[in-house]
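**Student:** Sharing input-v9.cif (mmCIF, N, CA and C atoms) below.
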data_work
#
loop_
_atom_site.label_atom_id
_atom_site.label_comp_id
_atom_site.auth_asym_id
_atom_site.auth_seq_id
_atom_site.Cartn_x
_atom_site.Cartn_y
_atom_site.Cartn_z
N MET A 205 43.37 55.22 -20.90
CA MET A 205 42.05 54.62 -20.89
C MET A 205 42.04 53.30 -21.66
N SER A 206 42.72 53.28 -22.80
CA SER A 206 42.74 52.07 -23.61
C SER A 206 43.43 50.92 -22.89
N SER A 207 44.52 51.23 -22.17
CA SER A 207 45.21 50.17 -21.44
C SER A 207 44.36 49.65 -20.29
N GLN A 208 43.55 50.51 -19.69
CA GLN A 208 42.65 50.07 -18.62
C GLN A 208 41.57 49.14 -19.19
N LEU A 209 41.06 49.48 -20.37
CA LEU A 209 40.07 48.62 -21.01
C LEU A 209 40.68 47.28 -21.40
N ALA A 210 41.93 47.30 -21.84
CA ALA A 210 42.61 46.05 -22.19
C ALA A 210 42.75 45.16 -20.96
N LEU A 211 43.11 45.75 -19.84
CA LEU A 211 43.25 44.98 -18.61
C LEU A 211 41.90 44.40 -18.17
N ILE A 212 40.86 45.20 -18.24
CA ILE A 212 39.51 44.72 -17.89
C ILE A 212 39.10 43.60 -18.84
N SER A 213 39.37 43.74 -20.12
CA SER A 213 39.03 42.70 -21.10
C SER A 213 39.77 41.41 -20.80
N CYS A 214 41.05 41.52 -20.45
CA CYS A 214 41.82 40.31 -20.09
C CYS A 214 41.21 39.62 -18.89
N LEU A 215 40.84 40.39 -17.88
CA LEU A 215 40.23 39.81 -16.70
C LEU A 215 38.90 39.13 -17.04
N LEU A 216 38.11 39.74 -17.92
CA LEU A 216 36.84 39.14 -18.30
C LEU A 216 37.03 37.81 -19.03
N MET A 217 38.15 37.68 -19.73
CA MET A 217 38.41 36.43 -20.44
C MET A 217 38.94 35.34 -19.51
N LEU A 218 39.49 35.73 -18.37
CA LEU A 218 40.12 34.77 -17.48
C LEU A 218 39.21 34.28 -16.35
N VAL A 219 38.25 35.08 -15.96
CA VAL A 219 37.38 34.69 -14.85
C VAL A 219 36.01 34.29 -15.39
N PRO A 220 35.30 33.46 -14.65
CA PRO A 220 33.96 33.07 -15.10
C PRO A 220 33.00 34.26 -15.05
N VAL A 221 32.53 34.65 -16.20
CA VAL A 221 31.57 35.75 -16.31
C VAL A 221 30.46 35.31 -17.26
N PRO A 222 29.36 36.04 -17.29
CA PRO A 222 28.32 35.70 -18.26
C PRO A 222 28.87 35.73 -19.68
N PRO A 223 28.38 34.84 -20.55
CA PRO A 223 28.91 34.75 -21.91
C PRO A 223 28.91 36.07 -22.67
N ARG A 224 27.92 36.92 -22.45
CA ARG A 224 27.85 38.19 -23.18
C ARG A 224 29.06 39.07 -22.85
N LEU A 225 29.47 39.12 -21.59
CA LEU A 225 30.65 39.91 -21.23
C LEU A 225 31.91 39.35 -21.88
N ASN A 226 32.00 38.03 -21.91
CA ASN A 226 33.14 37.39 -22.56
C ASN A 226 33.18 37.73 -24.04
N GLU A 227 32.02 37.72 -24.69
CA GLU A 227 31.97 38.07 -26.11
C GLU A 227 32.42 39.50 -26.35
N TRP A 228 32.02 40.42 -25.47
CA TRP A 228 32.42 41.82 -25.63
C TRP A 228 33.93 41.98 -25.43
N ALA A 229 34.50 41.21 -24.52
CA ALA A 229 35.94 41.29 -24.31
C ALA A 229 36.68 40.82 -25.57
N TYR A 230 36.24 39.71 -26.15
CA TYR A 230 36.86 39.24 -27.39
C TYR A 230 36.64 40.23 -28.53
N ALA A 231 35.47 40.83 -28.59
CA ALA A 231 35.19 41.81 -29.64
C ALA A 231 36.13 43.01 -29.53
N ARG A 232 36.40 43.43 -28.30
CA ARG A 232 37.29 44.55 -28.09
C ARG A 232 38.68 44.26 -28.64
N PHE A 233 39.19 43.04 -28.38
CA PHE A 233 40.50 42.68 -28.90
C PHE A 233 40.48 42.50 -30.42
N ALA A 234 39.40 42.00 -30.96
CA ALA A 234 39.29 41.86 -32.42
C ALA A 234 39.34 43.23 -33.08
N ILE A 235 38.66 44.20 -32.49
CA ILE A 235 38.69 45.57 -33.03
C ILE A 235 40.09 46.15 -32.93
N ASP A 236 40.78 45.90 -31.81
CA ASP A 236 42.16 46.38 -31.66
C ASP A 236 43.08 45.78 -32.72
N ILE A 237 42.95 44.49 -32.95
CA ILE A 237 43.80 43.82 -33.94
C ILE A 237 43.52 44.36 -35.34
N ALA A 238 42.24 44.48 -35.69
CA ALA A 238 41.88 45.01 -37.02
C ALA A 238 42.39 46.44 -37.17
N SER A 239 42.26 47.26 -36.12
CA SER A 239 42.74 48.64 -36.18
C SER A 239 44.26 48.69 -36.35
N ALA A 240 44.98 47.80 -35.68
CA ALA A 240 46.43 47.76 -35.81
C ALA A 240 46.85 47.42 -37.24
N VAL A 241 46.18 46.44 -37.84
CA VAL A 241 46.51 46.06 -39.22
C VAL A 241 46.23 47.23 -40.17
N ILE A 242 45.08 47.84 -40.02
CA ILE A 242 44.71 48.98 -40.89
C ILE A 242 45.70 50.12 -40.72
N ALA A 243 46.08 50.43 -39.49
CA ALA A 243 47.02 51.53 -39.24
C ALA A 243 48.37 51.24 -39.87
N HIS A 244 48.89 50.03 -39.69
CA HIS A 244 50.19 49.69 -40.27
C HIS A 244 50.15 49.70 -41.79
N LEU A 245 49.07 49.19 -42.37
CA LEU A 245 48.97 49.18 -43.83
C LEU A 245 48.83 50.60 -44.39
N SER A 246 48.11 51.46 -43.68
CA SER A 246 47.87 52.81 -44.19
C SER A 246 49.14 53.67 -44.20
N VAL A 247 50.09 53.37 -43.32
CA VAL A 247 51.33 54.14 -43.32
C VAL A 247 52.44 53.45 -44.10
N GLY A 248 52.12 52.31 -44.70
CA GLY A 248 53.09 51.64 -45.55
C GLY A 248 54.09 50.75 -44.83
N ASP A 249 53.80 50.37 -43.60
CA ASP A 249 54.70 49.46 -42.89
C ASP A 249 54.74 48.10 -43.58
N GLY A 250 55.85 47.44 -43.43
CA GLY A 250 56.03 46.12 -44.03
C GLY A 250 55.42 45.02 -43.17
N PRO A 251 55.48 43.78 -43.66
CA PRO A 251 54.89 42.64 -42.95
C PRO A 251 55.45 42.43 -41.55
N GLN A 252 56.69 42.85 -41.31
CA GLN A 252 57.25 42.67 -39.97
C GLN A 252 56.46 43.47 -38.93
N ALA A 253 55.77 44.51 -39.32
CA ALA A 253 55.02 45.35 -38.38
C ALA A 253 53.60 44.83 -38.16
N TRP A 254 52.97 44.28 -39.20
CA TRP A 254 51.56 43.89 -39.05
C TRP A 254 51.31 42.39 -39.07
N SER A 255 52.32 41.58 -39.34
CA SER A 255 52.10 40.13 -39.44
C SER A 255 51.67 39.51 -38.11
N TRP A 256 52.14 40.07 -36.98
CA TRP A 256 51.75 39.53 -35.67
C TRP A 256 50.24 39.66 -35.46
N ALA A 257 49.67 40.77 -35.92
CA ALA A 257 48.23 40.99 -35.74
C ALA A 257 47.44 40.02 -36.62
N ILE A 258 47.90 39.80 -37.84
CA ILE A 258 47.24 38.84 -38.72
C ILE A 258 47.32 37.44 -38.12
N ALA A 259 48.51 37.07 -37.61
CA ALA A 259 48.69 35.74 -37.02
C ALA A 259 47.79 35.56 -35.80
N THR A 260 47.68 36.57 -34.96
CA THR A 260 46.81 36.50 -33.79
C THR A 260 45.36 36.33 -34.21
N GLY A 261 44.92 37.08 -35.20
CA GLY A 261 43.54 36.96 -35.70
C GLY A 261 43.25 35.58 -36.25
N VAL A 262 44.20 35.02 -36.99
CA VAL A 262 44.03 33.67 -37.55
C VAL A 262 43.96 32.64 -36.42
N LEU A 263 44.83 32.77 -35.42
CA LEU A 263 44.80 31.83 -34.30
C LEU A 263 43.48 31.92 -33.53
N TRP A 264 42.98 33.11 -33.31
CA TRP A 264 41.69 33.27 -32.62
C TRP A 264 40.57 32.65 -33.44
N ALA A 265 40.60 32.88 -34.75
CA ALA A 265 39.56 32.31 -35.62
C ALA A 265 39.60 30.78 -35.55
N LEU A 266 40.79 30.21 -35.57
CA LEU A 266 40.91 28.75 -35.47
C LEU A 266 40.42 28.25 -34.11
N LEU A 267 40.76 28.98 -33.06
CA LEU A 267 40.31 28.59 -31.72
C LEU A 267 38.79 28.64 -31.62
N LEU A 268 38.20 29.69 -32.13
CA LEU A 268 36.75 29.83 -32.04
C LEU A 268 36.02 28.87 -32.98
N ALA A 269 36.71 28.38 -34.01
CA ALA A 269 36.07 27.49 -34.98
C ALA A 269 36.17 26.02 -34.58
N THR A 270 36.81 25.71 -33.46
CA THR A 270 36.88 24.31 -33.05
C THR A 270 35.48 23.84 -32.70
N PRO A 271 35.18 22.57 -32.97
CA PRO A 271 33.81 22.07 -32.79
C PRO A 271 33.21 22.34 -31.42
N GLY A 272 33.95 22.16 -30.35
CA GLY A 272 33.41 22.40 -29.01
C GLY A 272 33.02 23.85 -28.80
N ASN A 273 33.83 24.77 -29.30
CA ASN A 273 33.53 26.19 -29.14
C ASN A 273 32.33 26.61 -29.97
N LEU A 274 32.20 26.04 -31.16
CA LEU A 274 31.05 26.40 -31.99
C LEU A 274 29.75 25.98 -31.32
N GLU A 275 29.76 24.79 -30.71
CA GLU A 275 28.55 24.34 -30.04
C GLU A 275 28.22 25.23 -28.86
N LEU A 276 29.24 25.67 -28.12
CA LEU A 276 28.99 26.54 -26.98
C LEU A 276 28.57 27.93 -27.42
N ASN A 277 29.25 28.46 -28.43
CA ASN A 277 28.98 29.82 -28.86
C ASN A 277 27.71 29.93 -29.69
N MET A 278 27.26 28.86 -30.30
CA MET A 278 26.09 28.90 -31.15
C MET A 278 24.86 28.34 -30.43
N LYS A 279 24.89 28.38 -29.11
CA LYS A 279 23.79 27.83 -28.33
C LYS A 279 22.49 28.53 -28.70
N LYS A 280 21.50 27.74 -29.02
CA LYS A 280 20.21 28.29 -29.39
C LYS A 280 19.40 28.58 -28.12
N SER A 281 18.69 29.68 -28.14
CA SER A 281 17.84 29.97 -27.00
C SER A 281 16.57 29.13 -27.09
N VAL A 282 16.05 28.77 -25.94
CA VAL A 282 14.87 27.94 -25.86
C VAL A 282 13.80 28.73 -25.14
N ARG A 283 12.58 28.69 -25.65
CA ARG A 283 11.49 29.40 -25.00
C ARG A 283 11.29 28.86 -23.60
N VAL A 284 10.81 29.71 -22.71
CA VAL A 284 10.72 29.39 -21.29
C VAL A 284 9.88 28.14 -21.05
N GLU A 285 8.71 28.04 -21.69
CA GLU A 285 7.86 26.87 -21.44
C GLU A 285 8.52 25.58 -21.91
N PHE A 286 9.31 25.66 -22.97
CA PHE A 286 10.03 24.48 -23.44
C PHE A 286 11.21 24.16 -22.52
N ALA A 287 11.82 25.20 -21.93
CA ALA A 287 12.92 24.96 -21.01
C ALA A 287 12.45 24.14 -19.81
N SER A 288 11.30 24.49 -19.27
CA SER A 288 10.76 23.72 -18.13
C SER A 288 10.49 22.28 -18.52
N ALA A 289 9.95 22.09 -19.74
CA ALA A 289 9.68 20.73 -20.21
C ALA A 289 10.98 19.95 -20.40
N LEU A 290 12.01 20.60 -20.91
CA LEU A 290 13.30 19.94 -21.09
C LEU A 290 13.92 19.56 -19.74
N ILE A 291 13.77 20.43 -18.76
CA ILE A 291 14.29 20.13 -17.44
C ILE A 291 13.53 18.95 -16.84
N ASP A 292 12.20 18.95 -17.00
CA ASP A 292 11.39 17.81 -16.53
C ASP A 292 11.89 16.51 -17.16
N GLU A 293 12.14 16.56 -18.46
CA GLU A 293 12.59 15.38 -19.19
C GLU A 293 13.95 14.89 -18.68
N LYS A 294 14.87 15.82 -18.46
CA LYS A 294 16.20 15.44 -17.96
C LYS A 294 16.11 14.82 -16.58
N ILE A 295 15.22 15.35 -15.74
CA ILE A 295 15.06 14.78 -14.40
C ILE A 295 14.49 13.36 -14.49
N LYS A 296 13.52 13.17 -15.38
CA LYS A 296 12.92 11.84 -15.54
C LYS A 296 13.91 10.82 -16.09
N GLU A 297 14.85 11.28 -16.93
CA GLU A 297 15.85 10.38 -17.49
C GLU A 297 16.73 9.76 -16.40
N ARG A 298 16.88 10.47 -15.32
CA ARG A 298 17.67 9.96 -14.20
C ARG A 298 16.71 9.34 -13.19
N GLY A 299 16.47 8.07 -13.35
CA GLY A 299 15.50 7.39 -12.52
C GLY A 299 16.01 7.03 -11.14
N ASP A 300 17.29 7.27 -10.90
CA ASP A 300 17.87 6.88 -9.61
C ASP A 300 17.80 8.04 -8.62
N TRP A 301 18.66 8.00 -7.62
CA TRP A 301 18.67 9.01 -6.57
C TRP A 301 18.94 10.41 -7.11
N ARG A 302 19.67 10.50 -8.25
CA ARG A 302 19.97 11.82 -8.81
C ARG A 302 18.72 12.53 -9.28
N GLY A 303 17.84 11.79 -9.96
CA GLY A 303 16.59 12.38 -10.43
C GLY A 303 15.72 12.84 -9.27
N LYS A 304 15.64 12.01 -8.23
CA LYS A 304 14.85 12.38 -7.05
C LYS A 304 15.43 13.62 -6.36
N THR A 305 16.75 13.66 -6.27
CA THR A 305 17.40 14.81 -5.63
C THR A 305 17.21 16.07 -6.45
N LEU A 306 17.37 15.97 -7.77
CA LEU A 306 17.16 17.13 -8.63
C LEU A 306 15.73 17.65 -8.53
N ALA A 307 14.77 16.72 -8.53
CA ALA A 307 13.37 17.12 -8.42
C ALA A 307 13.10 17.79 -7.08
N LYS A 308 13.70 17.28 -6.02
CA LYS A 308 13.50 17.85 -4.69
C LYS A 308 14.09 19.27 -4.62
N VAL A 309 15.31 19.43 -5.12
CA VAL A 309 15.97 20.74 -5.11
C VAL A 309 15.19 21.73 -5.98
N ARG A 310 14.71 21.26 -7.11
CA ARG A 310 13.92 22.12 -7.99
C ARG A 310 12.64 22.56 -7.29
N GLY A 311 12.01 21.64 -6.57
CA GLY A 311 10.81 21.98 -5.81
C GLY A 311 11.09 23.02 -4.74
N ILE A 312 12.21 22.87 -4.05
CA ILE A 312 12.59 23.84 -3.01
C ILE A 312 12.79 25.22 -3.63
N VAL A 313 13.46 25.26 -4.78
CA VAL A 313 13.71 26.54 -5.46
C VAL A 313 12.38 27.17 -5.88
N HIS A 314 11.47 26.37 -6.44
CA HIS A 314 10.18 26.90 -6.87
C HIS A 314 9.34 27.36 -5.68
N ASP A 315 9.46 26.66 -4.54
CA ASP A 315 8.74 27.10 -3.33
C ASP A 315 9.28 28.43 -2.82
N ALA A 316 10.60 28.58 -2.91
CA ALA A 316 11.24 29.81 -2.44
C ALA A 316 10.94 30.99 -3.35
N ASP A 317 10.87 30.73 -4.65
CA ASP A 317 10.61 31.80 -5.62
C ASP A 317 9.68 31.28 -6.71
N PRO A 318 8.36 31.38 -6.49
CA PRO A 318 7.41 30.82 -7.45
C PRO A 318 7.47 31.46 -8.85
N GLU A 319 8.03 32.65 -8.94
CA GLU A 319 8.09 33.37 -10.23
C GLU A 319 9.41 33.16 -10.95
N ILE A 320 10.20 32.19 -10.50
CA ILE A 320 11.51 31.96 -11.11
C ILE A 320 11.34 31.56 -12.57
N VAL A 321 12.26 32.01 -13.41
CA VAL A 321 12.24 31.69 -14.83
C VAL A 321 13.33 30.67 -15.10
N GLU A 322 12.94 29.51 -15.61
CA GLU A 322 13.91 28.48 -15.93
C GLU A 322 14.40 28.68 -17.35
N GLU A 323 15.70 28.56 -17.53
CA GLU A 323 16.30 28.72 -18.85
C GLU A 323 17.07 27.46 -19.21
N TRP A 324 17.22 27.23 -20.50
CA TRP A 324 17.97 26.08 -20.98
C TRP A 324 19.19 26.55 -21.69
#
For the file at hand, write its structure as structure tokens.

**Tutor:**
Amino acid sequence: MSSQLALISCLLMLVPVPPRLNEWAYARFAIDIASAVIAHLSVGDGPQAWSWAIATGVLWALLLATPGNLELNMKKSVRVEFASALIDEKIKERGDWRGKTLAKVRGIVHDADPEIVEEW
């Protein structure tokens, strides 16, 4: 069962999935790494047995702490009414054909589903 979960977690990290699933996949591996270190230390194994897990944890922490990842991972949620206003603003910023096209597509989407919830 654990190996099946590891395979599923790997797939979740490699394919485009919602951010929450990606976070759970990384959490699963973090728990595995922490458990491996604790198990090796509790039985008295030397650094050759647990150093790989420590190194992997440090590398993941460095990867997640890079400025681009922090901005993506620390994305603040925006209230729905503000999201619509932000989208309006972004469309207005593009005064050329892109803004007109975005506004037209947005109108088509709203006509198709008037109860759609816009998120930022």

**Student:** Atom C of Val313 of chain A and atom CA of Glu293 of chain A, how far apart in Å?

**Tutor:**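 According to the coordinates, atom CA of Glu293 of chain A and atom C of Val313 of chain A are separated by 17.8 Å.
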
**Student:** Could you go through chain A and tell me which residues DSSP, when run on the backbone, assigns to helix (DSSP H, G or I), listing them as number ranges by chain?

**Tutor:** A: 206-218, 223-246, 251-268, 271-277, 284-297, 301-316

**Student:** Considering only N, CA and C atoms, state which residue in the set A:Leu215, A:Arg310, A:Glu323, A:Gly299 is at the smallest distance from Ala287 of chain A.

**Tutor:**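 Residue with the minimum atom-to-atom distance to Ala287 of chain A: A:Glu323.
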
**Student:** Have a look at atom CA of Ile295 of chain A and atom CA of His314 of chain A and let me know their distance in Å, one decimal.

**Tutor:**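 The value is 15.1 Å.
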
**Student:** Any idea what the distance is between atom CA of Ile237 of chain A and atom CA of Gly261 of chain A?

**Tutor:**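 Between these atoms lies a distance of 7.1 Å.
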
**Student:** Once 4 Å is added on each side, what centre and edge lengths in Å to one decimal does the axis-aligned box around all listed atoms of segment 244-252 of chain A have, as AutoDock Vina command-line options?

**Tutor:**
--center_x 52.6 --center_y 48.3 --center_z -42.2 --size_x 17.4 --size_y 19.7 --size_z 14.6

**Student:** Nearest to Glu322 of chain A among A:Ser213, A:Thr260, A:Ser246, A:Ser288, with distances taken over all atoms listed in the file: which residue is it?

**Tutor:**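 Of A:Ser213, A:Thr260, A:Ser246, A:Ser288, the one nearest Glu322 of chain A is A:Ser288, counting all atoms listed in the file.
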
**Student:** Show which residues sit within 8 Å of Ile258 of chain A, as a list in words. Count all atoms listed in the file, and ignore same-chain residues fewer than 6 positions away.

**Tutor:**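 Counting all atoms listed in the file, the residues come to Ile237, Ala238, Ala240, Val241 and Trp264 of chain A.
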
**Student:** Pick out the closest residue to Phe233 of chain A from this set: A:Ala210, A:Leu268, A:Ala253, A:Ala289. Count all atoms listed in the file.

**Tutor:**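 Answer, going by the shortest atom-to-atom distance: A:Ala210.
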